[in-house]
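Text of the file coords.txt, holding compact mmCIF, N, CA and C atoms and all ligand atoms:
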```
# COMPACT_ATOMS: atom_id res chain seq x y z
N MET A 28 -35.59 37.42 -23.74
CA MET A 28 -34.42 36.55 -23.95
C MET A 28 -34.73 35.50 -25.01
N LYS A 29 -33.79 35.37 -25.96
CA LYS A 29 -34.01 34.43 -27.06
C LYS A 29 -32.86 33.40 -27.11
N ILE A 30 -33.22 32.14 -27.24
CA ILE A 30 -32.22 31.07 -27.29
C ILE A 30 -32.46 30.19 -28.52
N ALA A 31 -31.39 29.91 -29.25
CA ALA A 31 -31.48 28.99 -30.40
C ALA A 31 -31.22 27.57 -29.91
N VAL A 32 -32.10 26.66 -30.30
CA VAL A 32 -31.91 25.24 -29.97
C VAL A 32 -31.54 24.54 -31.29
N ILE A 33 -30.32 24.03 -31.35
CA ILE A 33 -29.80 23.49 -32.61
C ILE A 33 -29.52 21.99 -32.43
N GLN A 34 -30.15 21.21 -33.28
CA GLN A 34 -30.07 19.74 -33.16
C GLN A 34 -29.38 19.15 -34.39
N GLY A 35 -28.39 18.32 -34.13
CA GLY A 35 -27.59 17.74 -35.21
C GLY A 35 -28.16 16.48 -35.82
N PRO A 36 -27.32 15.76 -36.56
CA PRO A 36 -27.77 14.64 -37.37
C PRO A 36 -28.40 13.49 -36.58
N ASN A 37 -29.43 12.94 -37.18
CA ASN A 37 -30.15 11.76 -36.66
C ASN A 37 -31.03 12.05 -35.45
N LEU A 38 -31.01 13.27 -34.96
CA LEU A 38 -31.89 13.58 -33.82
C LEU A 38 -33.34 13.69 -34.28
N ASN A 39 -33.56 13.87 -35.57
CA ASN A 39 -34.91 13.79 -36.14
C ASN A 39 -35.45 12.35 -36.06
N MET A 40 -34.58 11.40 -35.73
CA MET A 40 -34.99 10.00 -35.61
C MET A 40 -35.25 9.58 -34.16
N LEU A 41 -35.18 10.53 -33.23
CA LEU A 41 -35.47 10.19 -31.83
C LEU A 41 -36.88 9.63 -31.74
N GLY A 42 -37.07 8.67 -30.85
CA GLY A 42 -38.37 7.99 -30.74
C GLY A 42 -38.40 6.73 -31.59
N ILE A 43 -37.47 6.67 -32.57
CA ILE A 43 -37.36 5.49 -33.44
C ILE A 43 -35.99 4.84 -33.21
N ARG A 44 -34.94 5.68 -33.24
CA ARG A 44 -33.58 5.15 -33.17
C ARG A 44 -33.22 4.70 -31.74
N GLU A 45 -32.56 3.58 -31.64
CA GLU A 45 -31.94 3.09 -30.40
C GLU A 45 -32.62 3.60 -29.11
N GLN A 46 -33.86 3.18 -28.96
CA GLN A 46 -34.64 3.67 -27.80
C GLN A 46 -34.03 3.28 -26.46
N HIS A 47 -33.26 2.17 -26.44
CA HIS A 47 -32.62 1.76 -25.18
C HIS A 47 -31.54 2.76 -24.77
N ILE A 48 -31.09 3.57 -25.73
CA ILE A 48 -30.07 4.59 -25.41
C ILE A 48 -30.72 5.97 -25.27
N TYR A 49 -31.59 6.31 -26.22
CA TYR A 49 -32.10 7.69 -26.29
C TYR A 49 -33.53 7.85 -25.76
N GLY A 50 -34.19 6.73 -25.42
CA GLY A 50 -35.54 6.81 -24.86
C GLY A 50 -36.62 6.90 -25.94
N PRO A 51 -37.89 6.95 -25.49
CA PRO A 51 -39.01 6.87 -26.42
C PRO A 51 -39.49 8.21 -26.98
N MET A 52 -39.03 9.31 -26.43
CA MET A 52 -39.57 10.61 -26.87
C MET A 52 -39.01 11.02 -28.23
N ASN A 53 -39.88 11.58 -29.08
CA ASN A 53 -39.36 12.11 -30.34
C ASN A 53 -38.98 13.59 -30.17
N LEU A 54 -38.36 14.14 -31.21
CA LEU A 54 -37.81 15.49 -31.10
C LEU A 54 -38.92 16.53 -30.88
N GLU A 55 -40.05 16.31 -31.54
CA GLU A 55 -41.16 17.25 -31.40
C GLU A 55 -41.66 17.28 -29.95
N GLN A 56 -41.76 16.10 -29.33
CA GLN A 56 -42.21 16.04 -27.93
C GLN A 56 -41.20 16.72 -27.01
N ILE A 57 -39.92 16.49 -27.27
CA ILE A 57 -38.88 17.14 -26.45
C ILE A 57 -38.98 18.66 -26.61
N HIS A 58 -39.15 19.12 -27.84
CA HIS A 58 -39.24 20.56 -28.09
C HIS A 58 -40.51 21.16 -27.48
N ASP A 59 -41.62 20.43 -27.52
CA ASP A 59 -42.86 20.93 -26.91
C ASP A 59 -42.69 21.15 -25.41
N GLN A 60 -42.07 20.17 -24.74
CA GLN A 60 -41.83 20.29 -23.29
C GLN A 60 -40.94 21.49 -23.00
N LEU A 61 -39.91 21.64 -23.84
CA LEU A 61 -38.94 22.72 -23.65
C LEU A 61 -39.62 24.08 -23.87
N LYS A 62 -40.47 24.12 -24.89
CA LYS A 62 -41.20 25.36 -25.21
C LYS A 62 -42.07 25.79 -24.03
N ASN A 63 -42.74 24.81 -23.40
CA ASN A 63 -43.56 25.10 -22.21
C ASN A 63 -42.72 25.70 -21.10
N ALA A 64 -41.60 25.04 -20.79
CA ALA A 64 -40.72 25.52 -19.72
C ALA A 64 -40.20 26.91 -20.05
N ALA A 65 -39.85 27.14 -21.31
CA ALA A 65 -39.30 28.43 -21.71
C ALA A 65 -40.35 29.52 -21.60
N SER A 66 -41.56 29.25 -22.10
CA SER A 66 -42.59 30.31 -22.10
C SER A 66 -42.99 30.68 -20.68
N GLN A 67 -42.94 29.70 -19.75
CA GLN A 67 -43.22 30.03 -18.34
C GLN A 67 -42.19 31.00 -17.76
N ASN A 68 -41.02 31.03 -18.40
CA ASN A 68 -39.95 31.91 -17.92
C ASN A 68 -39.71 33.10 -18.85
N GLY A 69 -40.63 33.31 -19.77
CA GLY A 69 -40.51 34.45 -20.69
C GLY A 69 -39.37 34.31 -21.68
N VAL A 70 -38.98 33.09 -21.97
CA VAL A 70 -37.88 32.86 -22.91
C VAL A 70 -38.44 32.39 -24.24
N GLU A 71 -37.89 32.94 -25.33
CA GLU A 71 -38.31 32.54 -26.68
C GLU A 71 -37.27 31.56 -27.24
N LEU A 72 -37.76 30.47 -27.80
CA LEU A 72 -36.84 29.48 -28.37
C LEU A 72 -37.00 29.41 -29.88
N GLU A 73 -35.87 29.24 -30.58
CA GLU A 73 -35.90 29.03 -32.04
C GLU A 73 -35.30 27.66 -32.31
N PHE A 74 -36.11 26.76 -32.87
CA PHE A 74 -35.66 25.38 -33.07
C PHE A 74 -35.12 25.15 -34.47
N PHE A 75 -34.06 24.33 -34.55
CA PHE A 75 -33.49 24.00 -35.85
C PHE A 75 -32.86 22.61 -35.76
N GLN A 76 -33.14 21.78 -36.74
CA GLN A 76 -32.47 20.46 -36.82
C GLN A 76 -31.96 20.27 -38.23
N SER A 77 -30.75 19.74 -38.34
CA SER A 77 -30.24 19.40 -39.67
C SER A 77 -29.32 18.19 -39.58
N ASN A 78 -29.31 17.44 -40.67
CA ASN A 78 -28.37 16.32 -40.78
C ASN A 78 -27.10 16.74 -41.50
N LEU A 79 -27.03 18.01 -41.90
CA LEU A 79 -25.91 18.49 -42.72
C LEU A 79 -25.00 19.44 -41.94
N GLU A 80 -23.72 19.16 -41.97
CA GLU A 80 -22.74 19.95 -41.21
C GLU A 80 -22.78 21.43 -41.60
N GLY A 81 -22.77 21.71 -42.92
CA GLY A 81 -22.74 23.11 -43.38
C GLY A 81 -23.99 23.88 -42.95
N GLU A 82 -25.13 23.20 -42.95
CA GLU A 82 -26.36 23.89 -42.51
C GLU A 82 -26.29 24.23 -41.02
N LEU A 83 -25.65 23.36 -40.26
CA LEU A 83 -25.49 23.64 -38.82
C LEU A 83 -24.54 24.82 -38.62
N VAL A 84 -23.47 24.86 -39.43
CA VAL A 84 -22.53 25.99 -39.37
C VAL A 84 -23.26 27.28 -39.74
N ASP A 85 -24.05 27.26 -40.82
CA ASP A 85 -24.81 28.46 -41.23
C ASP A 85 -25.74 28.92 -40.10
N ARG A 86 -26.42 27.96 -39.48
CA ARG A 86 -27.39 28.32 -38.42
C ARG A 86 -26.67 28.95 -37.22
N ILE A 87 -25.51 28.41 -36.88
CA ILE A 87 -24.74 28.97 -35.76
C ILE A 87 -24.31 30.40 -36.10
N GLN A 88 -23.83 30.60 -37.33
CA GLN A 88 -23.40 31.95 -37.74
C GLN A 88 -24.56 32.94 -37.66
N GLU A 89 -25.76 32.49 -38.04
CA GLU A 89 -26.94 33.37 -38.00
C GLU A 89 -27.31 33.80 -36.57
N CYS A 90 -26.79 33.06 -35.59
CA CYS A 90 -27.12 33.37 -34.19
C CYS A 90 -26.49 34.69 -33.74
N LEU A 91 -25.42 35.10 -34.43
CA LEU A 91 -24.71 36.33 -34.06
C LEU A 91 -25.64 37.53 -34.20
N GLY A 92 -25.89 38.18 -33.08
CA GLY A 92 -26.73 39.38 -33.08
C GLY A 92 -28.23 39.11 -33.13
N THR A 93 -28.63 37.84 -33.18
CA THR A 93 -30.08 37.53 -33.26
C THR A 93 -30.60 36.78 -32.04
N VAL A 94 -29.72 36.07 -31.33
CA VAL A 94 -30.14 35.37 -30.11
C VAL A 94 -29.15 35.65 -28.98
N ASP A 95 -29.57 35.34 -27.74
CA ASP A 95 -28.71 35.59 -26.58
C ASP A 95 -27.87 34.38 -26.20
N GLY A 96 -28.25 33.22 -26.70
CA GLY A 96 -27.50 32.02 -26.34
C GLY A 96 -27.89 30.85 -27.23
N ILE A 97 -27.08 29.81 -27.14
CA ILE A 97 -27.28 28.63 -27.98
C ILE A 97 -27.31 27.38 -27.11
N MET A 98 -28.29 26.52 -27.38
CA MET A 98 -28.26 25.16 -26.82
C MET A 98 -28.11 24.23 -28.01
N ILE A 99 -27.04 23.46 -28.02
CA ILE A 99 -26.76 22.61 -29.20
C ILE A 99 -26.47 21.18 -28.80
N ASN A 100 -27.08 20.26 -29.55
CA ASN A 100 -26.65 18.86 -29.50
C ASN A 100 -26.07 18.57 -30.89
N PRO A 101 -24.75 18.65 -31.03
CA PRO A 101 -24.16 18.43 -32.36
C PRO A 101 -24.21 16.96 -32.78
N ALA A 102 -24.70 16.10 -31.87
CA ALA A 102 -24.83 14.65 -32.13
C ALA A 102 -23.49 14.10 -32.62
N ALA A 103 -23.48 13.29 -33.68
CA ALA A 103 -22.22 12.65 -34.09
C ALA A 103 -21.15 13.66 -34.48
N TYR A 104 -21.56 14.85 -34.93
CA TYR A 104 -20.58 15.87 -35.30
C TYR A 104 -19.77 16.36 -34.09
N SER A 105 -20.28 16.12 -32.89
CA SER A 105 -19.52 16.50 -31.68
C SER A 105 -18.13 15.87 -31.70
N HIS A 106 -18.07 14.68 -32.29
CA HIS A 106 -16.83 13.90 -32.20
C HIS A 106 -15.87 14.16 -33.37
N SER A 107 -16.31 15.01 -34.30
CA SER A 107 -15.46 15.18 -35.49
C SER A 107 -15.40 16.59 -36.08
N SER A 108 -16.39 17.43 -35.78
CA SER A 108 -16.53 18.65 -36.59
C SER A 108 -15.78 19.86 -36.04
N ILE A 109 -14.62 20.12 -36.64
CA ILE A 109 -13.87 21.35 -36.32
C ILE A 109 -14.66 22.55 -36.86
N ALA A 110 -15.40 22.34 -37.96
CA ALA A 110 -16.18 23.43 -38.56
C ALA A 110 -17.26 23.93 -37.59
N ILE A 111 -17.93 23.02 -36.91
CA ILE A 111 -18.96 23.43 -35.93
C ILE A 111 -18.29 24.07 -34.71
N LYS A 112 -17.18 23.49 -34.28
CA LYS A 112 -16.43 24.08 -33.16
C LYS A 112 -16.01 25.51 -33.51
N ASP A 113 -15.49 25.72 -34.71
CA ASP A 113 -15.03 27.06 -35.11
C ASP A 113 -16.19 28.04 -35.21
N ALA A 114 -17.34 27.58 -35.70
CA ALA A 114 -18.52 28.45 -35.79
C ALA A 114 -18.96 28.89 -34.39
N LEU A 115 -18.95 27.95 -33.44
CA LEU A 115 -19.32 28.28 -32.05
C LEU A 115 -18.31 29.26 -31.46
N SER A 116 -17.03 29.04 -31.73
CA SER A 116 -16.00 29.96 -31.23
C SER A 116 -16.18 31.34 -31.85
N ALA A 117 -16.57 31.39 -33.12
CA ALA A 117 -16.68 32.66 -33.84
C ALA A 117 -17.80 33.53 -33.26
N VAL A 118 -18.95 32.95 -32.92
CA VAL A 118 -20.08 33.78 -32.48
C VAL A 118 -19.96 34.21 -31.01
N GLU A 119 -19.13 33.49 -30.24
CA GLU A 119 -18.86 33.86 -28.84
C GLU A 119 -20.11 34.11 -28.02
N LEU A 120 -21.10 33.21 -28.14
CA LEU A 120 -22.33 33.35 -27.35
C LEU A 120 -22.31 32.32 -26.21
N PRO A 121 -23.04 32.61 -25.12
CA PRO A 121 -23.19 31.55 -24.10
C PRO A 121 -23.79 30.32 -24.76
N THR A 122 -23.14 29.18 -24.58
CA THR A 122 -23.56 27.97 -25.29
C THR A 122 -23.51 26.76 -24.37
N VAL A 123 -24.59 25.99 -24.39
CA VAL A 123 -24.60 24.72 -23.66
C VAL A 123 -24.69 23.59 -24.67
N GLU A 124 -23.79 22.62 -24.54
CA GLU A 124 -23.84 21.41 -25.38
C GLU A 124 -24.57 20.33 -24.58
N VAL A 125 -25.57 19.74 -25.22
CA VAL A 125 -26.36 18.70 -24.55
C VAL A 125 -26.18 17.37 -25.28
N HIS A 126 -25.99 16.33 -24.50
CA HIS A 126 -26.06 14.96 -25.03
C HIS A 126 -27.09 14.20 -24.20
N ILE A 127 -27.97 13.53 -24.90
CA ILE A 127 -29.02 12.75 -24.23
C ILE A 127 -28.38 11.60 -23.45
N SER A 128 -27.45 10.92 -24.10
CA SER A 128 -26.77 9.80 -23.44
C SER A 128 -25.51 10.30 -22.74
N ASN A 129 -24.98 9.46 -21.87
CA ASN A 129 -23.71 9.78 -21.21
C ASN A 129 -22.58 9.33 -22.13
N ILE A 130 -22.01 10.29 -22.87
CA ILE A 130 -21.01 9.92 -23.89
C ILE A 130 -19.75 9.32 -23.25
N TYR A 131 -19.56 9.57 -21.95
CA TYR A 131 -18.34 9.08 -21.28
C TYR A 131 -18.42 7.61 -20.91
N LYS A 132 -19.63 7.04 -20.97
CA LYS A 132 -19.66 5.60 -20.70
C LYS A 132 -20.08 4.81 -21.94
N ARG A 133 -19.83 5.41 -23.11
CA ARG A 133 -20.13 4.72 -24.36
C ARG A 133 -18.83 4.37 -25.10
N GLU A 134 -18.91 4.09 -26.40
CA GLU A 134 -17.72 3.70 -27.15
C GLU A 134 -16.65 4.79 -27.02
N GLU A 135 -15.39 4.36 -27.16
CA GLU A 135 -14.28 5.30 -26.98
C GLU A 135 -14.39 6.50 -27.93
N PHE A 136 -14.85 6.26 -29.18
CA PHE A 136 -14.90 7.36 -30.16
C PHE A 136 -15.92 8.43 -29.78
N ARG A 137 -16.83 8.10 -28.86
CA ARG A 137 -17.83 9.10 -28.42
C ARG A 137 -17.37 9.87 -27.18
N GLN A 138 -16.28 9.41 -26.58
CA GLN A 138 -15.91 9.98 -25.29
C GLN A 138 -15.20 11.32 -25.40
N LYS A 139 -14.89 11.71 -26.63
CA LYS A 139 -14.26 13.02 -26.84
C LYS A 139 -15.20 13.89 -27.69
N SER A 140 -15.50 15.09 -27.17
CA SER A 140 -16.26 16.05 -27.97
C SER A 140 -15.32 17.16 -28.39
N VAL A 141 -15.14 17.33 -29.70
CA VAL A 141 -14.26 18.41 -30.18
C VAL A 141 -14.99 19.76 -30.14
N THR A 142 -16.31 19.73 -30.14
CA THR A 142 -17.09 20.97 -30.12
C THR A 142 -17.19 21.55 -28.70
N ALA A 143 -17.07 20.68 -27.69
CA ALA A 143 -17.30 21.09 -26.30
C ALA A 143 -16.39 22.23 -25.85
N SER A 144 -15.17 22.28 -26.41
CA SER A 144 -14.22 23.31 -25.96
C SER A 144 -14.65 24.70 -26.40
N ALA A 145 -15.62 24.78 -27.33
CA ALA A 145 -16.13 26.09 -27.76
C ALA A 145 -17.43 26.44 -27.03
N THR A 146 -17.81 25.66 -26.03
CA THR A 146 -19.08 25.92 -25.32
C THR A 146 -18.81 26.37 -23.88
N THR A 147 -19.85 26.89 -23.25
CA THR A 147 -19.73 27.27 -21.84
C THR A 147 -19.66 26.02 -20.98
N GLY A 148 -20.47 25.02 -21.31
CA GLY A 148 -20.47 23.78 -20.55
C GLY A 148 -21.27 22.70 -21.24
N VAL A 149 -21.14 21.49 -20.70
CA VAL A 149 -21.75 20.31 -21.32
C VAL A 149 -22.63 19.57 -20.32
N ILE A 150 -23.79 19.12 -20.80
CA ILE A 150 -24.69 18.28 -20.00
C ILE A 150 -24.84 16.96 -20.75
N SER A 151 -24.54 15.86 -20.10
CA SER A 151 -24.53 14.57 -20.81
C SER A 151 -25.04 13.47 -19.90
N GLY A 152 -26.04 12.73 -20.38
CA GLY A 152 -26.44 11.52 -19.67
C GLY A 152 -27.75 11.59 -18.91
N PHE A 153 -28.46 12.70 -19.02
CA PHE A 153 -29.70 12.85 -18.26
C PHE A 153 -30.95 12.69 -19.12
N GLY A 154 -30.77 12.11 -20.30
CA GLY A 154 -31.91 11.93 -21.20
C GLY A 154 -32.39 13.28 -21.70
N PRO A 155 -33.64 13.34 -22.20
CA PRO A 155 -34.17 14.60 -22.72
C PRO A 155 -34.24 15.70 -21.66
N PHE A 156 -34.23 15.30 -20.36
CA PHE A 156 -34.22 16.30 -19.29
C PHE A 156 -32.99 17.20 -19.36
N GLY A 157 -31.94 16.71 -20.04
CA GLY A 157 -30.73 17.52 -20.21
C GLY A 157 -31.01 18.84 -20.91
N TYR A 158 -32.00 18.84 -21.82
CA TYR A 158 -32.34 20.11 -22.50
C TYR A 158 -32.96 21.10 -21.51
N HIS A 159 -33.75 20.56 -20.58
CA HIS A 159 -34.35 21.41 -19.55
C HIS A 159 -33.25 22.00 -18.65
N MET A 160 -32.29 21.15 -18.30
CA MET A 160 -31.16 21.61 -17.48
C MET A 160 -30.37 22.68 -18.24
N GLY A 161 -30.21 22.46 -19.54
CA GLY A 161 -29.48 23.42 -20.38
C GLY A 161 -30.18 24.76 -20.43
N LEU A 162 -31.51 24.71 -20.50
CA LEU A 162 -32.31 25.94 -20.53
C LEU A 162 -32.10 26.74 -19.24
N ILE A 163 -32.16 26.04 -18.10
CA ILE A 163 -31.97 26.71 -16.81
C ILE A 163 -30.57 27.34 -16.73
N ALA A 164 -29.59 26.57 -17.18
CA ALA A 164 -28.19 27.08 -17.14
C ALA A 164 -28.05 28.32 -18.02
N LEU A 165 -28.61 28.27 -19.22
CA LEU A 165 -28.49 29.42 -20.14
C LEU A 165 -29.23 30.64 -19.60
N MET A 166 -30.43 30.42 -19.02
CA MET A 166 -31.19 31.56 -18.46
C MET A 166 -30.36 32.26 -17.39
N GLN A 167 -29.68 31.46 -16.56
CA GLN A 167 -28.85 32.02 -15.50
C GLN A 167 -27.66 32.81 -16.08
N ILE A 168 -26.96 32.20 -17.02
CA ILE A 168 -25.77 32.84 -17.60
C ILE A 168 -26.16 34.13 -18.33
N ILE A 169 -27.23 34.05 -19.12
CA ILE A 169 -27.62 35.22 -19.93
C ILE A 169 -28.11 36.34 -19.03
N SER A 170 -28.88 35.99 -17.96
CA SER A 170 -29.35 37.10 -17.11
C SER A 170 -28.21 37.73 -16.34
N GLU A 171 -27.18 36.97 -16.03
CA GLU A 171 -26.00 37.56 -15.37
C GLU A 171 -25.31 38.55 -16.33
N ILE A 172 -25.23 38.18 -17.61
CA ILE A 172 -24.60 39.06 -18.62
C ILE A 172 -25.41 40.34 -18.79
N LYS A 173 -26.75 40.18 -18.84
CA LYS A 173 -27.62 41.34 -19.08
C LYS A 173 -27.72 42.25 -17.86
N ALA A 174 -27.41 41.73 -16.67
CA ALA A 174 -27.60 42.52 -15.43
C ALA A 174 -26.66 43.74 -15.38
C1 LIG B 201 -25.64 12.12 -28.85
C2 LIG B 201 -24.41 11.25 -28.65
C3 LIG B 201 -23.62 11.11 -29.93
O1 LIG B 201 -22.48 10.28 -29.74
C4 LIG B 201 -24.48 10.47 -31.02
O2 LIG B 201 -23.78 10.43 -32.24
C5 LIG B 201 -25.81 11.13 -31.17
C6 LIG B 201 -26.51 11.62 -29.99
C7 LIG B 201 -26.53 12.20 -27.59
O3 LIG B 201 -27.39 13.08 -27.55
O4 LIG B 201 -26.39 11.37 -26.68
O5 LIG B 201 -26.36 11.17 -32.28
O6 LIG B 201 -25.22 13.45 -29.14
```
Using structure tokens, write down the structure that the file contains.
Amino acid sequence: MKIAVIQGPNLNMLGIREQHIYGPMNLEQIHDQLKNAASQNGVELEFFQSNLEGELVDRIQECLGTVDGIMINPAAYSHSSIAIKDALSAVELPTVEVHISNIYKREEFRQKSVTASATTGVISGFGPFGYHMGLIALMQIISEIKA
């Protein structure tokens, strides 16, 4: 089983940016933990981070026929990008959207995700552990499809 982990803009700044909101872990540390959990379950992860909308769209399109599912944190693009939403709708893969912070108790402009409607489900507010939760959810959904 192969899962693409796609990280949007400014997530390369985790560990530096707004630690009171996103915590002290950087993206590499989050990915290392996730890689451990995945390998214990025989899951292969492909990591990608970009600050550019078009690169995220390209990466999502490449997922078609190459991975079994997508875990994505579109970051700020969650609140604006119809292009990312359309790319997710186009590939029709099991997809979990993760937000480190609880977007529903933040500024009003963060409380709506336009990308979420193209995903299987959303995890928001559990810190970096949300990626672990997303992995478990995707493993369950994908194994049900493959069964
Ligand atoms: C975020 C929430 C977004 O509103 C914000 O723009 C981010 C990170 C999160 O993981 O909590 O960059 O997606």
For this session: Pick out the closest residue to ligand LIG 201 (chain B) from this set: A:Glu55, A:Glu134, A:Glu89, A:Glu119. Count only N, CA and C atoms and all ligand atoms.
Result: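 Ranked by minimum distance to ligand LIG 201 (chain B), first place goes to A:Glu134.
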Exercise. Counting all atoms listed in the file, what residues are within 6 Å of ligand LIG 201 (chain B), given as a list of chain:residue names?
Worked result: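 Checking all atoms listed in the file against ligand LIG 201 (chain B) at 6 Å gives A:Pro36, A:Asn37, A:Leu38, A:Asn100, A:Pro101, A:Ala102, A:Ala103, A:Tyr104, A:Val125, A:His126, A:Ile127, A:Ser128, A:Asn129, A:Ile130, A:Arg137.
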Problem set entry | Nearest-residue call for Ala31 (chain A), choices A:Ile43, A:Asn63, A:Ile97, A:Phe136, using all atoms listed in the file |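 Answer, going by the shortest atom-to-atom distance: A:Ile97.
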Exercise. Suppose you want the space between CA of Gln56 (chain A) and atom C of Asn39 (chain A); what is it in Å?
Worked result: 11.2 Å
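Across A:Asn68, A:Gln88, A:Gln46, A:Thr146, the tightest approach to Val118 (chain A) is made by A:Gln88 when counting all atoms listed in the file.
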Exercise. Of the residues A:Gly154, A:Leu120, A:Thr142, A:Ile111, which is the one nearest to Tyr49 (chain A), using all atoms listed in the file?
Worked result: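 Residue with the minimum atom-to-atom distance to Tyr49 (chain A): A:Gly154.
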Exercise. From the list A:Glu124, A:Leu83, A:Pro155, A:Leu162, which residue is nearest Met52 (chain A) when using all atoms listed in the file?
Worked result: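 Smallest distance to Met52 (chain A) is found for A:Pro155.
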For this session: Go through A:Ile33, A:Ser105, A:Glu45, A:Leu61 one by one, measure the shortest atom-to-atom distance of each to Phe74 (chain A) using all atoms listed in the file, and give the residue with the smallest value.
Result: A:Ile33
Problem set entry | Surrounding residues of Asn53 (chain A) excluding itself and chain neighbours under 3 positions, 7 Å, only C-alpha atoms, as a PyMOL selection string | chain A and resi 41-42+56-57
For this session: Write out as a ChimeraX atom specification all residues of chain A that DSSP puts in helix (DSSP H, G or I) for this structure's backbone.
Result: /A:38-40,46-49,54-67,80-89,102-106,109-118,130-132,135-137,143-145,156-173
Problem set entry | All residues 7 Å or closer to region 107-109 of chain A, only N, CA and C atoms, same chain fewer than 6 positions away omitted, as an MDAnalysis selection string | chainID A and resid 139:142
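Here the DSSP assignment of strand (DSSP E), based on backbone atoms, applies within chain A to Lys29, Ile30, Ala31, Val32, Ile33, Gln34, Glu71, Leu72, Glu73, Phe74, Phe75, Gln76, Gly96, Ile97, Met98, Ile99, Asn100, Thr122, Val123, Glu124, Val125, His126, Gly148, Val149, Ile150 and Ser151 of chain A.
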Exercise. Which value, in Å to one decimal, gives the distance between atom N of Ile48 (chain A) and atom N of Ser144 (chain A)?
Worked result: 24.6 Å
Exercise. How many Å separate CA of Asp95 (chain A) from atom C of Met28 (chain A)?
Worked result: 6.2 Å
